[in-house]
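Visitor: Have a peek at run-v7.cif (mmCIF, C-alpha atoms).
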```
data_start
loop_
_atom_site.label_atom_id
_atom_site.label_comp_id
_atom_site.auth_asym_id
_atom_site.auth_seq_id
_atom_site.Cartn_x
_atom_site.Cartn_y
_atom_site.Cartn_z
CA MET A 1 50.16 12.11 -6.39
CA ALA A 2 48.98 8.56 -5.74
CA ALA A 3 46.85 9.81 -2.89
CA LEU A 4 45.35 12.45 -5.15
CA LEU A 5 44.55 9.88 -7.83
CA ALA A 6 43.02 7.57 -5.24
CA LYS A 7 40.89 10.41 -3.93
CA ARG A 8 39.74 11.25 -7.46
CA GLN A 9 38.83 7.62 -8.10
CA GLU A 10 37.08 7.39 -4.78
CA LYS A 11 34.66 10.17 -5.59
CA SER A 12 33.73 11.69 -8.90
CA ASP A 13 30.83 13.79 -10.04
CA PHE A 14 28.75 13.95 -13.17
CA ARG A 15 26.38 16.83 -13.75
CA LEU A 16 23.45 17.29 -16.11
CA THR A 17 20.94 20.12 -16.38
CA ILE A 18 17.67 19.57 -18.23
CA PRO A 19 14.69 21.81 -18.99
CA SER A 20 11.71 21.09 -16.74
CA GLN A 21 9.97 19.06 -19.44
CA THR A 22 8.81 15.47 -19.21
CA ARG A 23 10.12 14.76 -22.73
CA TYR A 24 13.58 14.49 -21.15
CA LEU A 25 12.59 11.85 -18.61
CA ASN A 26 13.74 9.04 -20.83
CA LEU A 27 17.13 10.67 -21.23
CA VAL A 28 17.53 11.08 -17.48
CA THR A 29 16.40 7.57 -16.57
CA GLY A 30 18.71 6.11 -19.20
CA LEU A 31 21.60 8.06 -17.75
CA ALA A 32 20.71 7.00 -14.20
CA LYS A 33 20.62 3.36 -15.22
CA ARG A 34 23.99 3.58 -16.96
CA ALA A 35 25.45 5.39 -13.96
CA ALA A 36 24.25 2.65 -11.63
CA LEU A 37 25.84 0.02 -13.85
CA VAL A 38 29.11 1.98 -13.98
CA ALA A 39 29.00 2.20 -10.17
CA GLY A 40 28.95 -1.61 -10.08
CA MET A 41 25.29 -2.42 -9.56
CA ASP A 42 23.55 -5.29 -11.31
CA ASP A 43 20.86 -4.84 -13.98
CA ALA A 44 17.91 -5.25 -11.61
CA THR A 45 19.27 -2.72 -9.12
CA ALA A 46 20.17 -0.28 -11.91
CA ALA A 47 16.60 -0.52 -13.21
CA LYS A 48 15.27 0.36 -9.76
CA VAL A 49 17.60 3.36 -9.53
CA SER A 50 16.36 4.60 -12.90
CA ILE A 51 12.73 4.25 -11.79
CA ALA A 52 13.41 6.18 -8.59
CA VAL A 53 15.05 8.96 -10.60
CA ASP A 54 12.08 9.07 -12.99
CA GLU A 55 9.74 9.52 -10.04
CA ALA A 56 11.88 12.18 -8.41
CA VAL A 57 12.34 14.25 -11.58
CA THR A 58 8.65 13.86 -12.46
CA ASN A 59 7.72 15.19 -9.02
CA ILE A 60 9.98 18.20 -9.54
CA ILE A 61 8.59 18.97 -13.00
CA LEU A 62 4.91 18.41 -12.25
CA HIS A 63 4.65 19.41 -8.59
CA ALA A 64 7.59 21.66 -7.66
CA TYR A 65 7.31 23.59 -10.93
CA GLY A 66 3.60 22.92 -11.45
CA GLY A 67 4.23 21.70 -14.99
CA GLU A 68 5.90 24.96 -16.08
CA GLU A 69 8.40 24.06 -18.77
CA ASP A 70 10.74 27.05 -18.68
CA HIS A 71 12.72 26.05 -15.60
CA THR A 72 15.60 23.66 -15.10
CA VAL A 73 16.38 20.55 -13.10
CA GLU A 74 20.00 19.93 -12.24
CA LEU A 75 21.16 16.39 -11.59
CA ASP A 76 24.43 15.71 -9.85
CA LEU A 77 25.56 12.10 -9.83
CA ARG A 78 28.29 11.32 -7.34
CA PHE A 79 30.23 8.09 -7.38
CA THR A 80 31.66 7.66 -3.90
CA GLY A 81 32.99 4.15 -4.30
CA LYS A 82 30.56 2.83 -1.71
CA ALA A 83 27.40 4.30 -3.16
CA LEU A 84 25.81 6.24 -5.96
CA GLU A 85 24.42 9.55 -4.78
CA ILE A 86 21.94 11.36 -6.99
CA HIS A 87 21.29 14.97 -6.06
CA MET A 88 18.50 16.80 -7.89
CA TRP A 89 18.26 20.57 -7.57
CA HIS A 90 15.46 22.91 -8.53
CA THR A 91 14.08 26.35 -7.71
CA GLY A 92 10.43 25.31 -7.52
CA LEU A 93 8.27 24.56 -4.55
CA GLY A 94 10.30 22.53 -2.08
CA ILE A 95 9.12 19.91 0.35
CA ARG A 96 10.51 18.96 3.73
CA GLY A 97 11.08 15.37 4.71
CA ASP A 98 8.69 15.71 7.64
CA GLN A 99 5.89 16.73 5.27
CA ILE A 100 5.98 13.40 3.50
CA VAL A 101 3.51 10.68 4.31
CA LEU A 102 4.13 7.50 2.37
CA PRO A 103 1.04 5.49 1.42
CA ASP A 104 0.67 2.05 2.96
CA PRO A 105 0.71 -0.43 0.04
CA LYS A 106 -1.75 -2.74 1.85
CA GLU A 107 -4.23 0.08 2.33
CA TYR A 108 -3.61 1.27 -1.22
CA VAL A 109 -4.53 -2.13 -2.60
CA LYS A 110 -7.73 -2.14 -0.52
CA HIS A 111 -8.67 1.37 -1.62
CA PRO A 112 -7.16 1.97 -5.06
CA ARG A 113 -6.80 5.51 -6.31
CA LYS A 114 -4.70 7.47 -8.72
CA GLY A 115 -1.50 9.08 -7.51
CA GLY A 116 0.66 8.91 -4.41
CA LEU A 117 2.94 6.09 -5.45
CA GLY A 118 6.00 7.89 -6.74
CA LEU A 119 7.49 8.66 -3.34
CA LEU A 120 6.79 5.13 -2.21
CA LEU A 121 8.72 3.72 -5.17
CA MET A 122 11.60 6.10 -4.47
CA SER A 123 11.80 5.04 -0.84
CA ARG A 124 11.49 1.34 -1.64
CA PHE A 125 14.05 1.30 -4.44
CA MET A 126 16.69 3.55 -2.87
CA ASP A 127 18.49 3.16 0.46
CA GLU A 128 18.07 6.78 1.42
CA VAL A 129 15.83 9.60 0.20
CA ARG A 130 16.01 13.04 1.75
CA PHE A 131 14.83 16.53 0.94
CA GLY A 132 16.55 19.78 1.76
CA GLU A 133 17.25 23.34 0.77
CA GLU A 134 20.48 25.22 0.17
CA SER A 135 21.25 28.66 -1.23
CA GLY A 136 17.65 29.22 -2.22
CA ARG A 137 17.39 25.96 -4.12
CA SER A 138 15.55 22.82 -3.13
CA GLU A 139 17.21 19.45 -3.25
CA CYS A 140 16.10 15.85 -3.43
CA CYS A 141 18.95 13.49 -2.65
CA MET A 142 18.75 9.73 -3.17
CA ILE A 143 21.47 7.27 -2.27
CA LYS A 144 21.92 3.69 -3.37
CA THR A 145 24.62 1.69 -1.64
CA ILE A 146 26.69 -0.67 -3.75
CA ALA A 147 26.14 -4.18 -2.42
CA MET B 148 11.90 5.59 -32.16
CA ALA B 149 8.87 6.87 -30.27
CA ASP B 150 8.93 6.57 -26.50
CA LEU B 151 5.70 4.59 -26.60
CA SER B 152 3.54 2.85 -29.18
CA ILE B 153 0.36 0.96 -28.37
CA LEU B 154 -1.28 -1.85 -30.28
CA VAL B 155 -4.86 -2.84 -29.43
CA ARG B 156 -6.44 -6.04 -30.74
CA ASP B 157 -9.13 -8.54 -29.77
CA ALA B 158 -8.38 -12.08 -28.62
CA GLY B 159 -10.50 -14.64 -26.80
CA GLY B 160 -13.14 -12.17 -25.67
CA ALA B 161 -10.61 -9.71 -24.30
CA SER B 162 -9.14 -6.50 -25.61
CA VAL B 163 -5.41 -7.04 -25.69
CA VAL B 164 -3.36 -3.88 -25.19
CA GLU B 165 0.32 -4.11 -26.11
CA PRO B 166 2.32 -1.08 -25.00
CA SER B 167 5.81 -0.98 -26.48
CA GLY B 168 8.47 1.27 -24.97
CA PHE B 169 8.20 3.44 -21.89
CA ILE B 170 5.20 4.59 -19.89
CA ASN B 171 6.12 7.63 -17.83
CA ALA B 172 4.72 11.09 -17.14
CA HIS B 173 5.48 12.08 -20.73
CA THR B 174 3.70 9.19 -22.43
CA VAL B 175 1.01 8.33 -19.90
CA ARG B 176 -1.75 10.33 -21.61
CA GLN B 177 -1.36 8.14 -24.68
CA PHE B 178 -1.63 4.99 -22.55
CA GLU B 179 -4.50 6.35 -20.50
CA GLY B 180 -6.30 7.40 -23.68
CA ALA B 181 -6.06 3.90 -25.14
CA LEU B 182 -7.53 2.36 -21.97
CA GLU B 183 -10.26 4.97 -21.69
CA ARG B 184 -11.35 4.42 -25.29
CA LEU B 185 -11.84 0.72 -24.59
CA VAL B 186 -13.94 1.44 -21.52
CA GLN B 187 -16.01 4.01 -23.42
CA GLU B 188 -16.67 1.35 -26.06
CA GLY B 189 -17.88 -1.03 -23.36
CA ARG B 190 -14.87 -3.31 -23.63
CA TYR B 191 -14.31 -4.06 -19.98
CA THR B 192 -12.04 -7.11 -20.13
CA ILE B 193 -8.58 -5.82 -20.83
CA LEU B 194 -5.38 -7.83 -21.02
CA LEU B 195 -2.17 -5.82 -20.84
CA ASN B 196 0.46 -7.79 -22.69
CA CYS B 197 3.67 -6.20 -21.42
CA ARG B 198 6.23 -8.20 -23.41
CA ASP B 199 7.60 -5.04 -25.09
CA LEU B 200 7.05 -2.72 -22.16
CA ASN B 201 10.49 -1.68 -20.96
CA TYR B 202 9.38 0.49 -18.13
CA ILE B 203 6.30 1.82 -16.30
CA SER B 204 6.37 4.59 -13.69
CA SER B 205 3.78 5.43 -11.07
CA ALA B 206 2.06 7.64 -13.65
CA GLY B 207 1.27 4.52 -15.68
CA LEU B 208 0.18 2.61 -12.59
CA GLY B 209 -2.16 5.47 -11.78
CA ALA B 210 -3.75 5.18 -15.21
CA ILE B 211 -4.51 1.51 -14.56
CA MET B 212 -5.72 2.21 -11.03
CA GLY B 213 -8.00 4.92 -12.33
CA LEU B 214 -10.02 2.42 -14.36
CA ILE B 215 -9.95 -0.74 -12.29
CA GLU B 216 -13.11 0.02 -10.33
CA THR B 217 -15.07 0.92 -13.47
CA VAL B 218 -14.17 -2.26 -15.34
CA ARG B 219 -14.88 -4.48 -12.33
CA GLU B 220 -18.22 -2.80 -11.70
CA ASN B 221 -19.06 -3.83 -15.25
CA GLN B 222 -18.06 -7.48 -14.73
CA GLY B 223 -14.75 -6.95 -16.48
CA ASP B 224 -11.16 -6.90 -15.29
CA ILE B 225 -7.65 -5.76 -16.13
CA LEU B 226 -5.18 -8.64 -16.40
CA LEU B 227 -1.44 -8.55 -16.96
CA CYS B 228 0.93 -10.89 -18.74
CA ASN B 229 4.52 -11.14 -19.95
CA LEU B 230 5.92 -8.72 -17.38
CA GLN B 231 9.63 -8.06 -17.70
CA ASP B 232 11.54 -8.42 -14.43
CA ASN B 233 11.83 -4.69 -13.74
CA VAL B 234 8.16 -4.09 -14.53
CA PHE B 235 7.15 -7.00 -12.29
CA ALA B 236 9.33 -5.52 -9.52
CA ILE B 237 7.36 -2.27 -9.65
CA PHE B 238 3.99 -4.02 -9.48
CA ASP B 239 5.16 -6.40 -6.78
CA THR B 240 6.84 -3.75 -4.64
CA LEU B 241 3.60 -1.83 -4.45
CA GLY B 242 1.47 -4.89 -3.77
CA PHE B 243 -0.28 -4.68 -7.13
CA THR B 244 0.31 -8.35 -7.82
CA GLN B 245 -2.40 -8.93 -5.17
CA LEU B 246 -4.76 -6.59 -6.93
CA TYR B 247 -4.30 -7.79 -10.49
CA ARG B 248 -4.09 -11.26 -11.94
CA VAL B 249 -0.67 -11.72 -13.49
CA PHE B 250 0.09 -14.47 -16.02
CA PRO B 251 3.36 -15.60 -17.54
CA CYS B 252 1.98 -15.47 -21.09
CA GLU B 253 -1.06 -14.34 -23.10
CA GLU B 254 -2.27 -17.90 -23.71
CA ASP B 255 -2.51 -18.58 -19.98
CA ALA B 256 -4.40 -15.34 -19.39
CA LEU B 257 -6.89 -16.06 -22.17
CA ALA B 258 -7.32 -19.66 -20.96
CA SER B 259 -8.16 -18.35 -17.50
CA LEU B 260 -10.75 -16.00 -18.98
CA ALA B 261 -12.24 -18.84 -21.03
CA GLU B 262 -12.59 -20.97 -17.90
CA GLN B 263 -14.46 -18.16 -16.19
CA ALA B 264 -16.88 -17.65 -19.08
#
```
I need this file expressed as structure tokens, please.
Guide:
Amino acid sequence: MAALLAKRQEKSDFRLTIPSQTRYLNLVTGLAKRAALVAGMDDATAAKVSIAVDEAVTNIILHAYGGEEDHTVELDLRFTGKALEIHMWHTGLGIRGDQIVLPDPKEYVKHPRKGGLGLLLMSRFMDEVRFGEESGRSECCMIKTIA
Amino acid sequence: MADLSILVRDAGGASVVEPSGFINAHTVRQFEGALERLVQEGRYTILLNCRDLNYISSAGLGAIMGLIETVRENQGDILLCNLQDNVFAIFDTLGFTQLYRVFPCEEDALASLAEQA
């Protein structure tokens, strides 16, 4: 019994499904920030997690779904004890990790342009960002280790 | 409460834009529209006072980036002040603090503009 309880405390999940509409971004980022705080992160780190989640969900809504509002984005927050894992699932256009080219901030500053910064923020603010596919759905997984 | 409200006023030869709330993909058109109106009116010196800005995503940064060349070509600039820690972290992480002049408060930003004039 004690082992079971310990296992439950070691890893627990929280799941939320939202329509693919940007009006829900604030709800999702607020949840991500609270989750990071519950996981034991400080305010500054929690803010970075929420920004990374905003960028990831925005990418799904605007790029994977092309702005179509009648789909869903499923978020699965996993508290492992050592890290907060945020899995985001969708059925839109998926991307593979090897397709991603992150902009160089130094070059970006020299040649400013709109766009291209979301993935960079995700990779800078999270410890791990990966993309995959399972059972016909695409996934973006981001992990933040608890310091 | 709305996700974003924007106050625009004049001070010391600059147009001061005060976004309050969150700038993300949902609210960015409102923010972009406010900046574009200023540029269309020939007001090229813009100070973003971010004291009530809780959050800005890359969509908001893109809106600023989209106008920086135009304002500078017209002898203007976009300055920033009163950045909250998390907003500063976003700008700094992306190297934007090298691209924009950032001031701790509005008075310092306006004083810098006055010195230039």
Visitor: Write out as a compact mmCIF listing (two decimals) with C-alpha atoms, in the frame of the given file every residue belonging to chain B that has an atom at most 7 Å from any atom of chain A, counting all atoms listed in the file.
Guide:
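part-v6.txt, freshly written:
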```
# COMPACT_ATOMS: atom_id res chain seq x y z
CA ALA B 172 4.72 11.09 -17.14
CA HIS B 173 5.48 12.08 -20.73
CA SER B 204 6.37 4.59 -13.69
CA SER B 205 3.78 5.43 -11.07
CA GLY B 209 -2.16 5.47 -11.78
CA ALA B 210 -3.75 5.18 -15.21
CA MET B 212 -5.72 2.21 -11.03
CA GLY B 213 -8.00 4.92 -12.33
CA ASN B 233 11.83 -4.69 -13.74
CA LEU B 241 3.60 -1.83 -4.45
CA GLY B 242 1.47 -4.89 -3.77
CA PHE B 243 -0.28 -4.68 -7.13
CA LEU B 246 -4.76 -6.59 -6.93
```
Visitor: What would the selection look like, as a PyMOL selection string, if the PyMOL selection byres ((chain A and resi 82) around 9) were run on the coordinates I just shared?
Guide: chain A and resi 10+39+79-81+83-84+144-147
Visitor: Measure the distance from atom CA of Leu257 of chain B to atom CA of Leu194 of chain B in Å and round it to one decimal.
Guide: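 Going from atom CA of Leu257 of chain B over to atom CA of Leu194 of chain B, I get 8.4 Å.
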Visitor: Between A:Arg130, A:Arg96, A:Arg15, A:Arg137, which is the closest to Glu74 of chain A once you count only C-alpha atoms?
Guide: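 Closest to Glu74 of chain A, using only C-alpha atoms: A:Arg15.
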Visitor: On this structure, which residues satisfy the PyMOL selection byres ((chain B and resi 229) around 9), written as an NGL selection string?
Guide: :B and (195-199 or 227-228 or 230-231 or 249-253)
Visitor: Go ahead and compute the interatomic distance for atom CA of Asp157 of chain B and atom CA of Gln222 of chain B, in Å to one decimal.
Guide: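 Going from atom CA of Asp157 of chain B over to atom CA of Gln222 of chain B covers 17.5 Å.
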Visitor: What do you get, as a CSV table (one decimal) with C-alpha atoms, in the coordinates of the input, if you spell out every residue that the PyMOL selection byres ((chain B and resi 219) around 12) selects here?
Guide:
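Generated file (result-v8.csv):
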```csv
chain,number,residue,atom,x,y,z
B,186,VAL,CA,-13.9,1.4,-21.5
B,189,GLY,CA,-17.9,-1.0,-23.4
B,190,ARG,CA,-14.9,-3.3,-23.6
B,191,TYR,CA,-14.3,-4.1,-20.0
B,192,THR,CA,-12.0,-7.1,-20.1
B,193,ILE,CA,-8.6,-5.8,-20.8
B,212,MET,CA,-5.7,2.2,-11.0
B,213,GLY,CA,-8.0,4.9,-12.3
B,214,LEU,CA,-10.0,2.4,-14.4
B,215,ILE,CA,-10.0,-0.7,-12.3
B,216,GLU,CA,-13.1,0.0,-10.3
B,217,THR,CA,-15.1,0.9,-13.5
B,218,VAL,CA,-14.2,-2.3,-15.3
B,220,GLU,CA,-18.2,-2.8,-11.7
B,221,ASN,CA,-19.1,-3.8,-15.2
B,222,GLN,CA,-18.1,-7.5,-14.7
B,223,GLY,CA,-14.8,-7.0,-16.5
B,224,ASP,CA,-11.2,-6.9,-15.3
B,225,ILE,CA,-7.6,-5.8,-16.1
B,226,LEU,CA,-5.2,-8.6,-16.4
B,246,LEU,CA,-4.8,-6.6,-6.9
B,247,TYR,CA,-4.3,-7.8,-10.5
```
Visitor: Just to confirm, what's the straight-line distance from atom CA of Ala64 of chain A to atom CA of Phe235 of chain B in Å (one decimal)?
Guide: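 Here the two named atoms are 29.0 Å from each other.
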Visitor: Starting from 3 Å padding per side, set up an axis-aligned box that covers all listed atoms of segment 170-175 of chain B and hand over centre and edge lengths in Å, one decimal, as JSON.
Guide:
```
{"center_x": 3.6, "center_y": 8.3, "center_z": -19.8, "size_x": 11.1, "size_y": 13.5, "size_z": 11.3}
```
Visitor: For Asp127 of chain A, which residue out of A:Leu77, A:Ile95, A:Val49, A:Val101 is the nearest one, using all atoms listed in the file?
Guide: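 Of A:Leu77, A:Ile95, A:Val49, A:Val101, the one nearest Asp127 of chain A, counting all atoms listed in the file, is A:Val49.
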Visitor: Residues at most 6 Å from Ser20 of chain A, counting only C-alpha atoms, excluding those fewer than 2 positions away in the same chain, as JSON, numbers by chain?
Guide: {"A": [61, 69, 71, 72, 73]}
Visitor: Pull the neighbourhood of (1.5, 4.6, -22.5) for me: all residues within 10 Å in file coordinates, counting all atoms listed in the file, as a list in words.
Guide: Asp150, Leu151, Ser152, Ile153, Glu165, Pro166, Ser167, Gly168, Phe169, Ile170, Asn171, Ala172, His173, Thr174, Val175, Arg176, Gln177, Phe178, Glu179, Gly180, Ala181, Leu182, Leu200, Tyr202, Ile203, Ala206, Gly207 and Ala210 of chain B
Visitor: Rank nothing, just name the residue among A:Gln99, A:Gly66, A:Ile18, A:Met88 nearest to Ser138 of chain A, using only C-alpha atoms.
Guide: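 Of A:Gln99, A:Gly66, A:Ile18, A:Met88, the one nearest Ser138 of chain A, counting only C-alpha atoms, is A:Met88.
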Visitor: Using the structure block above, produce a file of segment 19-75 of chain A that contains C-alpha atoms, as a compact mmCIF listing (two decimals), in the first residue's frame.
Guide:
```
# COMPACT_ATOMS: atom_id res chain seq x y z
CA PRO A 19 -10.89 23.90 -28.64
CA SER A 20 -8.27 25.03 -31.16
CA GLN A 21 -8.97 28.70 -30.48
CA THR A 22 -6.51 31.33 -29.35
CA ARG A 23 -9.07 32.74 -26.88
CA TYR A 24 -8.13 29.85 -24.59
CA LEU A 25 -4.41 30.62 -24.57
CA ASN A 26 -4.67 32.63 -21.39
CA LEU A 27 -6.42 29.76 -19.65
CA VAL A 28 -3.74 27.30 -20.73
CA THR A 29 -0.78 29.50 -19.81
CA GLY A 30 -2.32 30.23 -16.43
CA LEU A 31 -2.72 26.53 -15.81
CA ALA A 32 0.85 25.81 -16.94
CA LYS A 33 2.21 28.44 -14.59
CA ARG A 34 0.23 27.08 -11.64
CA ALA A 35 1.34 23.55 -12.49
CA ALA A 36 4.98 24.62 -12.52
CA LEU A 37 4.55 26.25 -9.12
CA VAL A 38 2.84 23.13 -7.74
CA ALA A 39 5.76 21.07 -9.10
CA GLY A 40 8.08 23.19 -6.96
CA MET A 41 9.48 25.71 -9.41
CA ASP A 42 10.03 29.35 -8.53
CA ASP A 43 8.01 32.23 -10.02
CA ALA A 44 10.54 33.09 -12.73
CA THR A 45 10.83 29.49 -13.92
CA ALA A 46 7.06 29.02 -13.81
CA ALA A 47 6.65 32.13 -15.99
CA LYS A 48 9.05 30.67 -18.54
CA VAL A 49 7.14 27.38 -18.59
CA SER A 50 3.90 29.25 -19.24
CA ILE A 51 5.48 31.19 -22.11
CA ALA A 52 6.80 27.99 -23.68
CA VAL A 53 3.32 26.44 -23.45
CA ASP A 54 1.77 29.54 -25.03
CA GLU A 55 4.17 29.23 -27.96
CA ALA A 56 3.60 25.51 -28.38
CA VAL A 57 -0.21 25.73 -28.28
CA THR A 58 -0.17 28.78 -30.57
CA ASN A 59 1.90 26.82 -33.08
CA ILE A 60 -0.61 23.97 -32.96
CA ILE A 61 -3.62 26.24 -33.42
CA LEU A 62 -2.18 28.51 -36.10
CA HIS A 63 0.16 26.19 -37.98
CA ALA A 64 -0.83 22.57 -37.35
CA TYR A 65 -4.54 23.38 -37.69
CA GLY A 66 -4.05 26.41 -39.95
CA GLY A 67 -6.22 28.55 -37.70
CA GLU A 68 -9.24 26.23 -38.00
CA GLU A 69 -11.19 26.56 -34.77
CA ASP A 70 -13.21 23.34 -34.77
CA HIS A 71 -10.43 21.01 -33.62
CA THR A 72 -9.02 20.24 -30.20
CA VAL A 73 -5.69 20.42 -28.41
CA GLU A 74 -5.14 18.01 -25.58
CA LEU A 75 -2.69 18.89 -22.84
```
